[in-house]
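Enquirer: Sharing start05.tsv below, TSV, N, CA and C atoms:
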chain	number	residue	atom	x	y	z
V	8	MET	N	18.68	59.68	16.74
V	8	MET	CA	17.82	59.85	17.89
V	8	MET	C	16.89	61.02	17.63
V	9	LYS	N	15.63	60.79	17.83
V	9	LYS	CA	14.64	61.85	17.61
V	9	LYS	C	14.80	62.95	18.66
V	10	LYS	N	14.57	64.17	18.25
V	10	LYS	CA	14.68	65.31	19.16
V	10	LYS	C	13.67	65.24	20.30
V	11	SER	N	12.56	64.56	20.08
V	11	SER	CA	11.51	64.49	21.10
V	11	SER	C	12.00	63.82	22.39
V	12	TRP	N	13.03	62.97	22.30
V	12	TRP	CA	13.58	62.34	23.50
V	12	TRP	C	14.07	63.37	24.51
V	13	CYS	N	14.63	64.46	24.04
V	13	CYS	CA	15.24	65.44	24.94
V	13	CYS	C	14.48	66.75	25.00
V	14	SER	N	13.40	66.83	24.28
V	14	SER	CA	12.62	68.06	24.24
V	14	SER	C	12.12	68.45	25.62
V	15	GLY	N	12.42	69.65	26.03
V	15	GLY	CA	11.93	70.18	27.30
V	15	GLY	C	12.73	69.75	28.52
V	16	LEU	N	13.83	69.04	28.31
V	16	LEU	CA	14.63	68.57	29.44
V	16	LEU	C	15.76	69.55	29.75
V	17	GLU	N	16.21	69.51	30.98
V	17	GLU	CA	17.39	70.28	31.37
V	17	GLU	C	18.59	69.72	30.59
V	18	PRO	N	19.54	70.55	30.26
V	18	PRO	CA	20.69	70.09	29.46
V	18	PRO	C	21.41	68.86	30.03
V	19	GLU	N	21.59	68.83	31.33
V	19	GLU	CA	22.30	67.68	31.93
V	19	GLU	C	21.50	66.39	31.77
V	20	LEU	N	20.20	66.46	31.99
V	20	LEU	CA	19.36	65.27	31.82
V	20	LEU	C	19.30	64.86	30.36
V	21	ALA	N	19.24	65.83	29.45
V	21	ALA	CA	19.23	65.54	28.02
V	21	ALA	C	20.51	64.81	27.62
V	22	LYS	N	21.64	65.23	28.20
V	22	LYS	CA	22.92	64.58	27.91
V	22	LYS	C	22.90	63.14	28.40
V	23	GLU	N	22.35	62.89	29.58
V	23	GLU	CA	22.25	61.53	30.12
V	23	GLU	C	21.34	60.66	29.25
V	24	ILE	N	20.24	61.24	28.78
V	24	ILE	CA	19.31	60.51	27.91
V	24	ILE	C	20.02	60.12	26.62
V	25	ARG	N	20.76	61.04	26.03
V	25	ARG	CA	21.49	60.74	24.79
V	25	ARG	C	22.50	59.62	25.02
V	26	MET	N	23.22	59.67	26.12
V	26	MET	CA	24.21	58.62	26.43
V	26	MET	C	23.53	57.27	26.64
V	27	ALA	N	22.42	57.26	27.36
V	27	ALA	CA	21.69	56.01	27.60
V	27	ALA	C	21.15	55.45	26.28
V	28	PHE	N	20.66	56.33	25.41
V	28	PHE	CA	20.14	55.91	24.11
V	28	PHE	C	21.24	55.24	23.30
V	29	LYS	N	22.40	55.88	23.25
V	29	LYS	CA	23.51	55.33	22.46
V	29	LYS	C	24.01	54.01	23.04
V	30	SER	N	23.99	53.87	24.35
V	30	SER	CA	24.52	52.65	24.96
V	30	SER	C	23.54	51.48	24.91
V	31	SER	N	22.33	51.73	24.48
V	31	SER	CA	21.32	50.67	24.44
V	31	SER	C	21.05	50.15	23.03
V	32	LEU	N	22.03	50.24	22.17
V	32	LEU	CA	21.85	49.87	20.77
V	32	LEU	C	21.35	48.43	20.60
V	33	ILE	N	21.97	47.49	21.27
V	33	ILE	CA	21.58	46.08	21.12
V	33	ILE	C	20.15	45.87	21.59
V	34	LEU	N	19.81	46.44	22.71
V	34	LEU	CA	18.45	46.33	23.24
V	34	LEU	C	17.43	46.96	22.29
V	35	ARG	N	17.75	48.14	21.77
V	35	ARG	CA	16.83	48.82	20.86
V	35	ARG	C	16.65	48.05	19.56
V	36	LYS	N	17.73	47.46	19.05
V	36	LYS	CA	17.62	46.67	17.83
V	36	LYS	C	16.72	45.46	18.05
V	37	ARG	N	16.89	44.81	19.20
V	37	ARG	CA	16.05	43.64	19.50
V	37	ARG	C	14.58	44.04	19.64
V	38	LEU	N	14.35	45.14	20.33
V	38	LEU	CA	12.98	45.63	20.49
V	38	LEU	C	12.36	45.96	19.13
V	39	ALA	N	13.14	46.56	18.24
V	39	ALA	CA	12.63	46.87	16.90
V	39	ALA	C	12.27	45.59	16.15
V	40	GLU	N	13.10	44.54	16.31
V	40	GLU	CA	12.80	43.25	15.68
V	40	GLU	C	11.49	42.68	16.20
V	41	LEU	N	11.32	42.71	17.52
V	41	LEU	CA	10.09	42.20	18.12
V	41	LEU	C	8.87	42.98	17.64
V	42	LEU	N	9.00	44.29	17.56
V	42	LEU	CA	7.89	45.12	17.11
V	42	LEU	C	7.57	44.87	15.64
V	43	ARG	N	8.60	44.69	14.82
V	43	ARG	CA	8.34	44.38	13.40
V	43	ARG	C	7.63	43.04	13.25
V	44	SER	N	7.98	42.10	14.11
V	44	SER	CA	7.30	40.80	14.08
V	44	SER	C	5.83	40.96	14.43
V	45	LYS	N	5.53	41.76	15.44
V	45	LYS	CA	4.14	42.02	15.81
V	45	LYS	C	3.41	42.74	14.68
V	46	GLU	N	4.10	43.66	14.03
V	46	GLU	CA	3.52	44.39	12.90
V	46	GLU	C	3.18	43.43	11.76
V	47	GLU	N	4.09	42.50	11.49
V	47	GLU	CA	3.85	41.51	10.43
V	47	GLU	C	2.70	40.58	10.80
V	48	ASP	N	2.65	40.13	12.05
V	48	ASP	CA	1.54	39.28	12.50
V	48	ASP	C	0.21	40.00	12.35
V	49	ASN	N	0.18	41.25	12.71
V	49	ASN	CA	-1.04	42.06	12.58
V	49	ASN	C	-1.45	42.15	11.12
V	50	TYR	N	-0.49	42.39	10.24
V	50	TYR	CA	-0.78	42.48	8.81
V	50	TYR	C	-1.35	41.17	8.28
V	51	ARG	N	-0.68	40.06	8.63
V	51	ARG	CA	-1.12	38.75	8.14
V	51	ARG	C	-2.53	38.41	8.60
V	52	SER	N	-2.84	38.75	9.84
V	52	SER	CA	-4.17	38.41	10.35
V	52	SER	C	-5.25	39.29	9.73
V	53	ASN	N	-4.87	40.40	9.15
V	53	ASN	CA	-5.87	41.31	8.59
V	53	ASN	C	-6.04	41.22	7.09
V	54	ILE	N	-5.29	40.36	6.44
V	54	ILE	CA	-5.51	40.20	5.00
V	54	ILE	C	-6.40	38.99	4.70
V	55	SER	N	-6.87	38.36	5.76
V	55	SER	CA	-7.74	37.21	5.62
V	55	SER	C	-9.12	37.65	5.12
V	56	VAL	N	-9.64	36.93	4.15
V	56	VAL	CA	-10.97	37.21	3.61
V	56	VAL	C	-12.04	36.98	4.66
V	57	SER	N	-11.80	36.05	5.57
V	57	SER	CA	-12.80	35.75	6.60
V	57	SER	C	-13.06	36.94	7.52
V	58	GLU	N	-12.18	37.90	7.55
V	58	GLU	CA	-12.38	39.10	8.36
V	58	GLU	C	-13.66	39.83	7.96
V	59	TYR	N	-14.03	39.73	6.69
V	59	TYR	CA	-15.21	40.44	6.20
V	59	TYR	C	-16.52	39.80	6.63
V	60	ASP	N	-16.44	38.59	7.18
V	60	ASP	CA	-17.64	37.90	7.66
V	60	ASP	C	-18.17	38.53	8.95
V	61	ASN	N	-17.36	39.31	9.60
V	61	ASN	CA	-17.75	39.95	10.86
V	61	ASN	C	-18.48	41.25	10.55
V	62	PRO	N	-19.67	41.48	11.12
V	62	PRO	CA	-20.39	42.71	10.83
V	62	PRO	C	-19.66	43.97	11.34
V	63	ASN	N	-18.71	43.78	12.23
V	63	ASN	CA	-17.92	44.91	12.75
V	63	ASN	C	-16.54	45.00	12.11
V	64	TRP	N	-16.41	44.48	10.89
V	64	TRP	CA	-15.11	44.42	10.26
V	64	TRP	C	-14.46	45.79	10.11
V	65	ALA	N	-15.26	46.81	9.86
V	65	ALA	CA	-14.69	48.16	9.67
V	65	ALA	C	-14.01	48.64	10.96
V	66	TYR	N	-14.62	48.33	12.09
V	66	TYR	CA	-14.02	48.72	13.37
V	66	TYR	C	-12.74	47.92	13.63
V	67	LYS	N	-12.77	46.64	13.27
V	67	LYS	CA	-11.58	45.81	13.44
V	67	LYS	C	-10.45	46.32	12.55
V	68	LYS	N	-10.78	46.72	11.34
V	68	LYS	CA	-9.75	47.25	10.43
V	68	LYS	C	-9.19	48.56	10.96
V	69	ALA	N	-10.06	49.42	11.44
V	69	ALA	CA	-9.60	50.69	12.00
V	69	ALA	C	-8.68	50.46	13.20
V	70	ASP	N	-9.06	49.51	14.04
V	70	ASP	CA	-8.22	49.17	15.19
V	70	ASP	C	-6.87	48.65	14.74
V	71	SER	N	-6.88	47.80	13.73
V	71	SER	CA	-5.64	47.23	13.21
V	71	SER	C	-4.73	48.29	12.63
V	72	VAL	N	-5.29	49.22	11.91
V	72	VAL	CA	-4.50	50.31	11.33
V	72	VAL	C	-3.89	51.18	12.44
V	73	GLY	N	-4.68	51.46	13.47
V	73	GLY	CA	-4.17	52.23	14.59
V	73	GLY	C	-3.05	51.51	15.32
V	74	TYR	N	-3.20	50.20	15.49
V	74	TYR	CA	-2.17	49.38	16.12
V	74	TYR	C	-0.88	49.42	15.31
V	75	ALA	N	-1.00	49.25	14.00
V	75	ALA	CA	0.17	49.29	13.12
V	75	ALA	C	0.84	50.65	13.17
V	76	ARG	N	0.04	51.70	13.19
V	76	ARG	CA	0.60	53.05	13.24
V	76	ARG	C	1.36	53.28	14.56
V	77	ALA	N	0.82	52.76	15.67
V	77	ALA	CA	1.49	52.90	16.97
V	77	ALA	C	2.81	52.13	16.98
V	78	ILE	N	2.80	50.92	16.44
V	78	ILE	CA	4.04	50.15	16.38
V	78	ILE	C	5.08	50.88	15.55
V	79	ARG	N	4.68	51.39	14.41
V	79	ARG	CA	5.60	52.11	13.53
V	79	ARG	C	6.16	53.34	14.25
V	80	SER	N	5.33	54.03	15.00
V	80	SER	CA	5.77	55.22	15.74
V	80	SER	C	6.83	54.86	16.78
V	81	ILE	N	6.63	53.75	17.47
V	81	ILE	CA	7.60	53.31	18.48
V	81	ILE	C	8.91	52.91	17.81
V	82	ILE	N	8.83	52.19	16.71
V	82	ILE	CA	10.05	51.80	15.99
V	82	ILE	C	10.83	53.04	15.57
V	83	GLU	N	10.15	54.05	15.09
V	83	GLU	CA	10.82	55.27	14.68
V	83	GLU	C	11.49	55.97	15.85
V	84	LEU	N	10.90	55.88	17.03
V	84	LEU	CA	11.48	56.49	18.23
V	84	LEU	C	12.76	55.80	18.68
V	85	ILE	N	12.81	54.47	18.54
V	85	ILE	CA	13.96	53.75	19.08
V	85	ILE	C	15.08	53.55	18.07
V	86	GLU	N	14.82	53.81	16.79
V	86	GLU	CA	15.89	53.65	15.80
V	86	GLU	C	16.77	54.88	15.74
V	87	GLU	N	18.03	54.63	15.40
V	87	GLU	CA	18.99	55.71	15.22
V	87	GLU	C	18.67	56.40	13.91
V	88	ASN	N	18.57	57.73	13.94
V	88	ASN	CA	18.24	58.47	12.71
V	88	ASN	C	19.43	59.18	12.17
Kindly return the structure encoded in the file as structure tokens.

Expert:
Amino acid sequence: MKKSWCSGLEPELAKEIRMAFKSSLILRKRLAELLRSKEEDNYRSNISVSEYDNPNWAYKKADSVGYARAIRSIIELIEEN
């Protein structure tokens, strides 16, 4: 569990957050699977050569990279470390 989950919280609330995190293992694993699927879909749609036919392809690529980075960040938050 990343420290950021409990950063700045009162000790009692931090304890409750840790307990809730540990008890949600099945849910977190499923969410990670769903997010990885979205990450893979994003990757597949962006390796297409036809993407370069769009005059705004650089913006689309930047958006895609940002989306992938956000998904990765969420996966890291919900996985047990």

Enquirer: Quick check, in Å to one decimal: how far apart do atom N of Ile82 in chain V and atom N of Gly15 in chain V lie?

Expert: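 One can read the atom N of Ile82 in chain V to atom N of Gly15 in chain V distance as 20.1 Å.
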
Enquirer: Mind listing the alpha helix (DSSP H) residues of chain V, per DSSP on the backbone, as a count of residues only?

Expert: 57

Enquirer: Please report the interatomic distance between CA of Met26 in chain V and CA of Ser11 in chain V in Å with one decimal.

Expert: 15.0 Å

Enquirer: Select, from V:Asp60, V:Gly73, V:Lys29, V:Ile78, the residue with the minimum atom-to-atom distance to Glu46 in chain V, counting only N, CA and C atoms.

Expert: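 Residue with the minimum atom-to-atom distance to Glu46 in chain V: V:Ile78.
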
Enquirer: Point out the residue among V:Ser57, V:Ser31, V:Asn63, V:Asn49 with the least atom-to-atom distance to Glu86 in chain V, counting only C-alpha atoms.

Expert: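 Among V:Ser57, V:Ser31, V:Asn63, V:Asn49, it is V:Ser31 that comes nearest to Glu86 in chain V.
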
Enquirer: Work out how far apart atom N of Lys22 in chain V and atom N of Lys36 in chain V are and give it in Å to one decimal.

Expert: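 Between atom N of Lys22 in chain V and atom N of Lys36 in chain V the gap works out to 20.4 Å.
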
Enquirer: Taking all atoms listed in the file into account, which of V:Ala27, V:Ile85, V:Ala75, V:Ile54 comes nearest Ala39 in chain V?

Expert: V:Ile85

Enquirer: For range 18-21 of chain V, I'd like the enclosing box, axis-aligned and padded by 6 Å on every side, reported as lines of an AutoDock Vina configuration file with centre and edge lengths in Å to one decimal.

Expert:
center_x = 20.8
center_y = 67.7
center_z = 29.8
size_x = 15.1
size_y = 17.7
size_z = 16.4

Enquirer: Using only C-alpha atoms, find the one residue out of V:Tyr50, V:Asn88, V:Glu23, V:Ser14 that sits nearest to Val72 in chain V.

Expert: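 That would be V:Tyr50, the residue with the smallest distance to Val72 in chain V.
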
Enquirer: Which is closest to Ser71 in chain V among V:Glu40, V:Glu17, V:Glu87, V:Glu58, if we use only C-alpha atoms?

Expert: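 The shortest atom-to-atom distance to Ser71 in chain V comes from V:Glu58.
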
Enquirer: Given only C-alpha atoms as the basis, pick out the residue of V:Arg79, V:Leu84, V:Met8, V:Asp70 nearest to Leu42 in chain V.

Expert: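 Among the listed residues, V:Arg79 lies closest to Leu42 in chain V.
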
Enquirer: Identify, on the basis of only N, CA and C atoms, every residue whose closest approach to Arg25 in chain V does not exceed 8 Å; exclude the query and any residue fewer than 5 positions from it along the same chain; express the result as an NGL selection string.

Expert: :V and (8 or 12-13 or 19-20 or 30-31)
